[in-house]
Each structure stands twice: as C-alpha cells, then as structure tokens.
$ cat upload_13.cif   # mmCIF, C-alpha atoms
data_protein
loop_
_atom_site.label_atom_id
_atom_site.label_comp_id
_atom_site.auth_asym_id
_atom_site.auth_seq_id
_atom_site.Cartn_x
_atom_site.Cartn_y
_atom_site.Cartn_z
CA MET D 80 83.82 122.76 104.04
CA ASN D 81 84.01 122.24 107.80
CA GLU D 82 86.80 120.35 109.55
CA GLY D 83 84.75 117.15 109.95
CA LYS D 84 83.89 116.97 106.25
CA ALA D 85 87.48 117.79 105.28
CA SER D 86 88.76 114.98 107.49
CA ALA D 87 86.20 112.54 106.08
CA GLY D 88 87.23 113.45 102.53
CA ALA D 89 90.88 112.95 103.44
CA VAL D 90 90.07 109.50 104.85
CA VAL D 91 88.33 108.51 101.58
CA ALA D 92 91.33 109.80 99.60
CA LEU D 93 93.67 107.85 101.88
CA GLY D 94 91.70 104.63 101.38
CA ALA D 95 91.75 104.98 97.59
CA THR D 96 95.48 105.72 97.63
CA VAL D 97 96.21 102.63 99.74
CA VAL D 98 94.34 100.31 97.35
CA ILE D 99 95.92 101.79 94.21
CA TRP D 100 99.45 101.70 95.60
CA ALA D 101 99.08 98.20 97.02
CA PHE D 102 98.36 96.76 93.59
CA SER D 103 100.96 98.96 91.92
CA TRP D 104 103.80 97.02 93.61
CA ILE D 105 102.62 93.85 91.91
CA VAL D 106 102.40 95.73 88.61
CA MET D 107 105.92 97.14 89.07
CA LYS D 108 107.35 93.68 89.74
CA LEU D 109 105.74 92.35 86.56
CA VAL D 110 106.85 95.20 84.27
CA LEU D 111 110.49 94.66 85.24
CA ARG D 112 110.34 91.66 82.92
CA TYR D 113 110.16 94.11 80.03
CA ALA D 114 112.24 97.17 81.06
CA GLY D 115 115.04 98.38 83.30
CA PRO D 116 114.00 99.90 86.65
CA PHE D 117 115.18 103.46 85.99
CA ASP D 118 113.95 103.51 82.40
CA PHE D 119 110.50 102.45 83.56
CA SER D 120 110.43 104.91 86.46
CA ALA D 121 111.61 107.81 84.29
CA LEU D 122 109.06 106.98 81.61
CA ARG D 123 106.29 106.57 84.17
CA TYR D 124 106.83 109.89 85.90
CA SER D 125 107.62 111.87 82.76
CA ILE D 126 104.32 110.84 81.19
CA GLY D 127 102.54 111.33 84.51
CA ALA D 128 103.88 114.88 84.83
CA VAL D 129 102.85 115.76 81.27
CA LEU D 130 99.39 114.35 81.92
CA LEU D 131 99.00 116.44 85.08
CA PHE D 132 100.07 119.62 83.29
CA VAL D 133 97.44 118.92 80.63
CA VAL D 134 94.86 118.54 83.39
CA LEU D 135 96.00 121.86 84.89
CA VAL D 136 95.47 123.61 81.56
CA VAL D 137 92.05 122.02 80.99
CA MET D 138 90.90 122.85 84.52
CA ARG D 139 92.46 126.34 84.35
CA ARG D 140 94.42 125.75 87.52
CA PRO D 141 97.59 127.78 88.25
CA LEU D 142 100.62 126.74 86.19
CA ALA D 143 103.28 128.79 87.98
CA PRO D 144 105.57 126.55 90.05
CA PRO D 145 105.34 126.68 93.86
CA PRO D 146 108.47 127.85 95.73
CA LEU D 147 111.25 125.91 94.03
CA GLY D 148 113.29 124.85 97.07
CA GLY D 149 110.62 122.71 98.73
CA THR D 150 109.21 121.54 95.39
CA ILE D 151 112.58 120.28 94.12
CA VAL D 152 113.45 118.56 97.41
CA THR D 153 110.04 116.86 97.47
CA GLY D 154 110.36 115.72 93.86
CA LEU D 155 113.87 114.36 94.22
CA ALA D 156 113.05 112.66 97.55
CA GLN D 157 109.63 111.06 97.13
CA THR D 158 109.53 110.71 93.34
CA ALA D 159 113.09 110.16 92.12
CA ALA D 160 114.81 108.53 95.11
CA PHE D 161 111.91 106.56 96.59
CA GLN D 162 110.61 105.23 93.28
CA GLY D 163 114.01 104.65 91.71
CA LEU D 164 115.39 102.81 94.73
CA GLY D 165 112.16 100.85 95.13
CA GLN D 166 112.23 99.69 91.52
CA MET D 167 115.90 98.79 91.80
CA ALA D 168 115.24 96.80 94.98
CA LEU D 169 112.52 94.82 93.18
CA THR D 170 115.01 93.57 90.60
CA SER D 171 116.78 91.42 93.19
CA GLY D 172 114.33 91.19 96.12
CA GLY D 173 110.93 89.64 96.71
CA THR D 174 107.93 91.91 96.34
CA GLY D 175 106.64 91.42 99.89
CA HIS D 176 109.95 92.11 101.61
CA VAL D 177 110.71 95.14 99.45
CA VAL D 178 107.28 96.69 100.07
CA LEU D 179 107.45 96.12 103.81
CA LEU D 180 110.95 97.54 104.12
CA ALA D 181 110.07 100.57 102.02
CA TYR D 182 107.00 101.14 104.16
CA ALA D 183 109.12 101.58 107.24
CA MET D 184 108.59 105.18 106.06
CA PRO D 185 106.18 106.10 108.91
CA PHE D 186 108.87 105.57 111.54
CA TRP D 187 111.17 108.04 109.81
CA ALA D 188 108.30 110.43 108.96
CA VAL D 189 107.07 110.75 112.54
CA LEU D 190 110.59 111.53 113.77
CA LEU D 191 111.28 114.00 110.94
CA ALA D 192 107.91 115.72 111.48
CA TRP D 193 108.75 116.05 115.17
CA ALA D 194 112.17 117.52 114.37
CA LEU D 195 111.25 119.74 111.39
CA LEU D 196 107.57 120.57 111.90
CA GLY D 197 107.23 120.45 115.67
CA GLU D 198 104.50 117.77 115.46
CA ARG D 199 105.07 116.03 118.78
CA PRO D 200 103.61 112.50 118.61
CA LEU D 201 100.70 111.82 120.98
CA PRO D 202 100.66 108.71 123.19
CA ARG D 203 98.26 106.97 120.77
CA HIS D 204 100.70 107.67 117.93
CA TRP D 205 103.51 105.97 119.84
CA LEU D 206 101.20 103.05 120.60
CA GLY D 207 100.33 102.71 116.91
CA LEU D 208 103.96 102.94 115.88
CA GLY D 209 104.92 100.33 118.44
CA LEU D 210 102.27 97.88 117.26
CA ALA D 211 103.20 98.51 113.64
CA ALA D 212 106.89 97.99 114.43
CA ILE D 213 106.12 94.60 115.96
CA GLY D 214 104.02 93.77 112.92
CA LEU D 215 106.72 94.69 110.45
CA THR D 216 109.27 92.71 112.42
CA CYS D 217 107.04 89.62 112.30
CA VAL D 218 106.43 89.96 108.58
CA ILE D 219 110.06 90.64 107.68
CA ALA D 220 111.28 87.91 110.10
CA PRO D 221 114.90 89.11 110.30
CA TRP D 222 115.83 85.94 112.21
CA HIS D 223 115.40 84.15 108.85
CA GLY D 224 117.68 86.65 107.08
CA LEU D 225 116.79 89.67 104.98
CA GLY D 226 117.56 88.13 101.62
CA ASN D 227 119.62 90.24 99.24
CA PRO D 228 121.48 92.88 101.35
CA ALA D 229 121.61 95.42 98.51
CA SER D 230 117.88 95.10 97.91
CA THR D 231 117.20 95.47 101.63
CA LEU D 232 119.34 98.61 101.89
CA MET D 233 117.79 100.22 98.80
CA ALA D 234 114.27 99.57 100.07
CA LEU D 235 115.05 101.04 103.50
CA VAL D 236 116.78 104.13 102.10
CA GLY D 237 113.91 104.56 99.66
CA GLY D 238 111.49 104.62 102.58
CA MET D 239 113.59 107.26 104.33
CA CYS D 240 113.51 109.41 101.18
CA TRP D 241 109.73 109.10 100.97
CA ALA D 242 109.50 110.19 104.62
CA LEU D 243 111.57 113.28 103.82
CA GLY D 244 109.30 114.04 100.86
CA THR D 245 106.21 113.65 103.04
CA VAL D 246 107.53 116.09 105.64
CA THR D 247 108.69 118.66 103.07
CA SER D 248 105.24 118.42 101.43
CA LYS D 249 103.60 119.14 104.78
CA ARG D 250 105.90 122.12 105.32
CA MET D 251 105.09 123.45 101.83
CA PHE D 252 101.36 123.34 102.57
CA GLN D 253 101.85 124.97 105.96
CA ARG D 254 104.02 127.83 104.71
CA HIS D 255 102.92 128.45 101.12
CA GLN D 256 99.56 126.67 100.64
CA PRO D 257 100.22 125.70 96.99
CA ASP D 258 97.48 124.29 94.79
CA PRO D 259 97.75 120.49 95.42
CA LEU D 260 97.49 119.56 91.74
CA THR D 261 100.03 122.19 90.67
CA PHE D 262 102.42 121.10 93.42
CA THR D 263 102.02 117.45 92.42
CA ALA D 264 102.75 118.19 88.77
CA TRP D 265 105.87 120.26 89.45
CA GLN D 266 107.41 117.96 92.07
CA MET D 267 106.75 115.04 89.73
CA ALA D 268 108.43 116.89 86.85
CA PHE D 269 111.56 117.53 88.92
CA GLY D 270 111.56 113.91 90.12
CA ALA D 271 111.15 112.64 86.55
CA ALA D 272 114.10 114.80 85.46
CA GLY D 273 116.26 113.25 88.17
CA LEU D 274 115.21 109.74 87.14
CA ALA D 275 115.87 110.50 83.48
CA ILE D 276 119.44 111.57 84.28
CA VAL D 277 120.06 108.36 86.23
CA ALA D 278 118.49 106.25 83.46
CA PHE D 279 120.77 107.92 80.89
CA VAL D 280 123.90 107.27 82.97
CA ILE D 281 123.20 103.67 84.09
CA PRO D 282 123.05 101.04 81.28
CA GLN D 283 119.87 98.94 81.30
CA ARG D 284 118.10 96.45 79.09
CA ALA D 285 116.11 97.73 76.12
CA ILE D 286 112.38 98.25 76.68
CA ASP D 287 110.22 95.45 75.28
CA TRP D 288 106.99 97.19 74.22
CA THR D 289 104.65 94.26 74.79
CA PRO D 290 100.90 94.67 75.52
CA ALA D 291 101.62 93.62 79.13
CA PHE D 292 104.25 96.34 79.51
CA ILE D 293 101.98 98.99 77.99
CA ALA D 294 99.11 97.95 80.29
CA GLY D 295 101.40 98.10 83.33
CA LEU D 296 102.73 101.48 82.26
CA ALA D 297 99.17 102.81 81.80
CA TYR D 298 98.15 101.66 85.29
CA SER D 299 101.31 103.14 86.79
CA VAL D 300 100.96 106.49 85.00
CA ILE D 301 97.22 107.13 85.29
CA LEU D 302 96.31 105.57 88.63
CA ALA D 303 99.45 104.94 90.71
CA THR D 304 101.21 108.15 89.66
CA SER D 305 98.89 110.96 88.55
CA LEU D 306 95.81 110.13 90.64
CA ALA D 307 97.33 108.50 93.72
CA TRP D 308 100.09 111.06 94.30
CA THR D 309 97.56 113.88 94.03
CA LEU D 310 95.34 112.12 96.57
CA TRP D 311 98.35 111.51 98.82
CA LEU D 312 99.29 115.19 98.88
CA LEU D 313 95.68 116.02 99.78
CA VAL D 314 95.92 113.53 102.64
CA VAL D 315 99.22 115.03 103.85
CA ARG D 316 97.65 118.48 103.66
CA ARG D 317 94.51 117.59 105.66
CA LEU D 318 95.67 114.99 108.21
CA PRO D 319 98.46 114.99 110.81
CA THR D 320 101.70 113.50 109.48
CA ALA D 321 101.62 110.66 112.02
CA VAL D 322 98.09 109.62 110.98
CA ALA D 323 98.80 109.78 107.24
CA SER D 324 102.16 108.02 107.53
CA VAL D 325 101.11 105.15 109.77
CA SER D 326 97.87 104.63 107.84
CA SER D 327 99.96 104.11 104.71
CA LEU D 328 101.09 100.81 106.29
CA GLY D 329 97.82 99.44 104.92
CA VAL D 330 99.61 99.30 101.54
CA PRO D 331 102.01 96.45 102.38
CA VAL D 332 99.23 94.54 104.14
CA LEU D 333 97.05 94.74 101.03
CA SER D 334 100.04 94.02 98.79
CA VAL D 335 100.66 90.74 100.63
CA LEU D 336 97.00 89.77 100.28
CA MET D 337 96.92 90.77 96.60
CA ALA D 338 100.12 88.83 95.91
CA TRP D 339 98.43 85.82 97.50
CA ALA D 340 95.37 86.19 95.26
CA VAL D 341 97.13 87.21 92.03
CA LEU D 342 100.58 85.62 92.21
CA GLY D 343 99.85 82.66 94.49
CA GLU D 344 102.33 83.84 97.16
CA THR D 345 100.77 82.35 100.32
CA PRO D 346 101.58 84.37 103.48
CA LYS D 347 103.49 82.55 106.23
CA PRO D 348 102.08 82.32 109.79
CA SER D 349 104.50 85.05 110.93
CA GLU D 350 103.19 87.29 108.15
CA TRP D 351 99.58 86.80 109.26
CA LEU D 352 100.62 87.68 112.82
CA GLY D 353 102.52 90.72 111.60
CA MET D 354 99.59 91.97 109.56
CA ALA D 355 97.34 91.66 112.62
CA PHE D 356 99.70 93.91 114.59
CA ILE D 357 99.84 96.40 111.71
CA VAL D 358 96.04 96.61 111.54
CA ALA D 359 95.97 97.14 115.31
CA GLY D 360 98.46 99.98 114.86
CA LEU D 361 96.27 101.55 112.19
CA LEU D 362 93.25 101.43 114.49
CA ALA D 363 95.23 102.91 117.38
CA VAL D 364 96.45 105.87 115.32
CA SER D 365 93.80 106.54 112.69
CA GLY D 366 90.56 105.34 114.24
CA VAL D 367 90.87 106.98 117.64
CA THR D 368 92.32 110.23 116.29
CA LEU D 369 89.69 110.63 113.59
CA ARG D 370 86.86 110.13 116.08
CA ARG D 371 88.38 112.90 118.19
CA ARG D 372 88.64 115.25 115.18
CA ALA D 373 85.12 114.61 113.83
#

$ encode --input "upload_13.cif" --output "structure tokens"
Amino acid sequence: MNEGKASAGAVVALGATVVIWAFSWIVMKLVLRYAGPFDFSALRYSIGAVLLFVVLVVMRRPLAPPPLGGTIVTGLAQTAAFQGLGQMALTSGGTGHVVLLAYAMPFWAVLLAWALLGERPLPRHWLGLGLAAIGLTCVIAPWHGLGNPASTLMALVGGMCWALGTVTSKRMFQRHQPDPLTFTAWQMAFGAAGLAIVAFVIPQRAIDWTPAFIAGLAYSVILATSLAWTLWLLVVRRLPTAVASVSSLGVPVLSVLMAWAVLGETPKPSEWLGMAFIVAGLLAVSGVTLRRRA
C-alpha cells in the first residue's frame, strides 16, 4: 500500500471513529441512570478486551503483549483515566460541556508530541489549534461559568490523560511497530484492570440490568470500545499526531448536533459560532495537510 492509499484509509478510519465516539457520549450519559460510572467503565472495557482477544485468536494474530512499559502507560492513561474521569464528570455535568472540555485533548497532545516525539507543529497546525481554541471557548462560554467545578476539572484532566495515551501510542508504533489489534487488546486489558480496582474501592449504586442498559453496554463495548479504539490506533499510527488530535474535535461538534436531534438540547448562538471555528480549524489542519501528503 502506497503512502497516498494509507493516508486515505486513515482518513476513512478517522471519520468512522468520530461518528461512533460522538454518539457514544450520549449513550454514556443515558446508561448512568442504571449503573455507577466506574462499574460501567470497568464492565465495558473488560468485555471489550475479552472480545478483542477472541478476535485475535480467530484471526490468528499475535497474542504476545507488546513492550509492557508503553502498553501499561497507554492503557492506564487513555482507557482507565480518560474514560473513568469522563464518566465521573458526566454524573454531575452536562454532556456538551463535559465532551468539549475532555476534547481539549489536542492542545495537550500537540505539546506532548513536540516535547516527547520531536513533532514540531507546522504553521498550519498552529492556525488550526488557534481556530479550534476560539471555537471551544465560544462553546464553553466561561464568562457564563463552567458549571460544576469538580466535573470541569475531571473532564479537563481526563483530556490530558487521553493526550498522554495518544503520544505514548505514537511512540510505541515508532519504536516497536506492534500489531495494532494486539496493542489495542493489551492496553485495554490493563486499563480495564485499573478501572476494576477503582470500581471495587469506590462504593457505587447497584447495576440495574434493564434492556436500555444492556443496549447501551453493547454499543459501548462493540462499537465505541473494540472497533473505535482499534481504528483510532490505526489513525495515530498513520497520521501525524497534530492532524489526528485536532481532527478528533469533530467528536464534540457532532455530539452537540446529535444531542440536539436525540435529546432536544438546542445549541445556543455561541455554540453555533464555536462549532464554526472548530470546523475551520479542522480544515486548516486536516484538509491542507492531507492534500500535501496525497
């Protein structure tokens, strides 16, 4: 596969990941009616990891774990910390604000990739980040307050943890070139183990096994966890960190639109303006760069 085809495939994978993850935030908000945040996250990623290992066996892919240091850090950062903190933030914060704060991830990822991977941002990357920063500011509207401070902090720290996981994933692919599916399964297993420990220590409400909860769990396990995280690692492997990270800002934009359609949460004028800036940032980073690479 030549570089142009590889980039095109990564763009398709990125688009699918954005759509799946955008809707998953609505699903996660709904399932919290039936389970505690850490119980749900631990259950989601434990089942997801088992499912991926079954796929590895069926497809006869390598089962041996990649180098443990980077795999464990990635799992604890982007699976355990990001998902656990995100779920916890949803218990007391609005879906839109939590998603947007968590997706400040690209700002941290670009800086971490510069510091740890030597990926110096290009001028177009800075332009895209600047436009996206204006967009996020408009959507969050800090002049109106950030709502629950604990929820705000957990969402922001969760985004930082995801950024760390993204950069460590990139470093793993650069140094060790692990099989993407094997790497996904193992980092998810370590993340699930971390979540299970937290769920055991922190008291939560009992799980209510309703059809709605089971349906939400199935979506989260099969699509948002097993499929989307595999696609995301393929994207991180094939595209520059700045492109992959900033393009992920399409998730909160779609989440706001989906919440409008599904939950009746009408975006405010400042949110429309913010989304316009975010889309402009995506075009500045992804569109121009991909044309240059093709």

$ closest_residue --input "upload_13.cif" --among "D:Ala89, D:Val300, D:Ala101, D:Ala143" --to "Tyr124 in chain D" --atoms "only C-alpha atoms"
D:Val300

$ residues_around --input "upload_13.cif" --residues "Trp351 in chain D" --least-positions-apart "3" --cutoff "12 Å" --atoms "only C-alpha atoms" --output "ChimeraX atom specification"
/D:214-220,332-333,335-336,339,345-348,354-358

$ resolve_selection --input "upload_13.cif" --expression "the PyMOL selection byres ((chain D and resi 161) around 10)" --output "compact mmCIF listing (two decimals) with C-alpha atoms, in the coordinates of the input"
# COMPACT_ATOMS: atom_id res chain seq x y z
CA GLY D 154 110.36 115.72 93.86
CA LEU D 155 113.87 114.36 94.22
CA ALA D 156 113.05 112.66 97.55
CA GLN D 157 109.63 111.06 97.13
CA THR D 158 109.53 110.71 93.34
CA ALA D 159 113.09 110.16 92.12
CA ALA D 160 114.81 108.53 95.11
CA GLN D 162 110.61 105.23 93.28
CA GLY D 163 114.01 104.65 91.71
CA LEU D 164 115.39 102.81 94.73
CA GLY D 165 112.16 100.85 95.13
CA GLN D 166 112.23 99.69 91.52
CA MET D 167 115.90 98.79 91.80
CA ALA D 181 110.07 100.57 102.02
CA MET D 233 117.79 100.22 98.80
CA ALA D 234 114.27 99.57 100.07
CA LEU D 235 115.05 101.04 103.50
CA VAL D 236 116.78 104.13 102.10
CA GLY D 237 113.91 104.56 99.66
CA GLY D 238 111.49 104.62 102.58
CA MET D 239 113.59 107.26 104.33
CA CYS D 240 113.51 109.41 101.18
CA TRP D 241 109.73 109.10 100.97
CA ALA D 242 109.50 110.19 104.62
CA LEU D 243 111.57 113.28 103.82
CA GLY D 244 109.30 114.04 100.86
CA GLY D 270 111.56 113.91 90.12

$ resolve_selection --input "upload_13.cif" --expression "the PyMOL selection byres ((chain D and resi 297) around 12)" --output "list in words"
Ser103, Val106, Met107, Val110, Phe119, Leu122, Arg123, Tyr124, Ile126, Gly127, Leu130, Pro290, Ala291, Phe292, Ile293, Ala294, Gly295, Leu296, Tyr298, Ser299, Val300, Ile301, Leu302, Ala303, Thr304, Ser305 and Leu306 of chain D

$ closest_residue --input "upload_13.cif" --among "D:Ala271, D:Ala264, D:Ala168, D:Val133" --to "Leu232 in chain D" --atoms "all atoms listed in the file"
D:Ala168
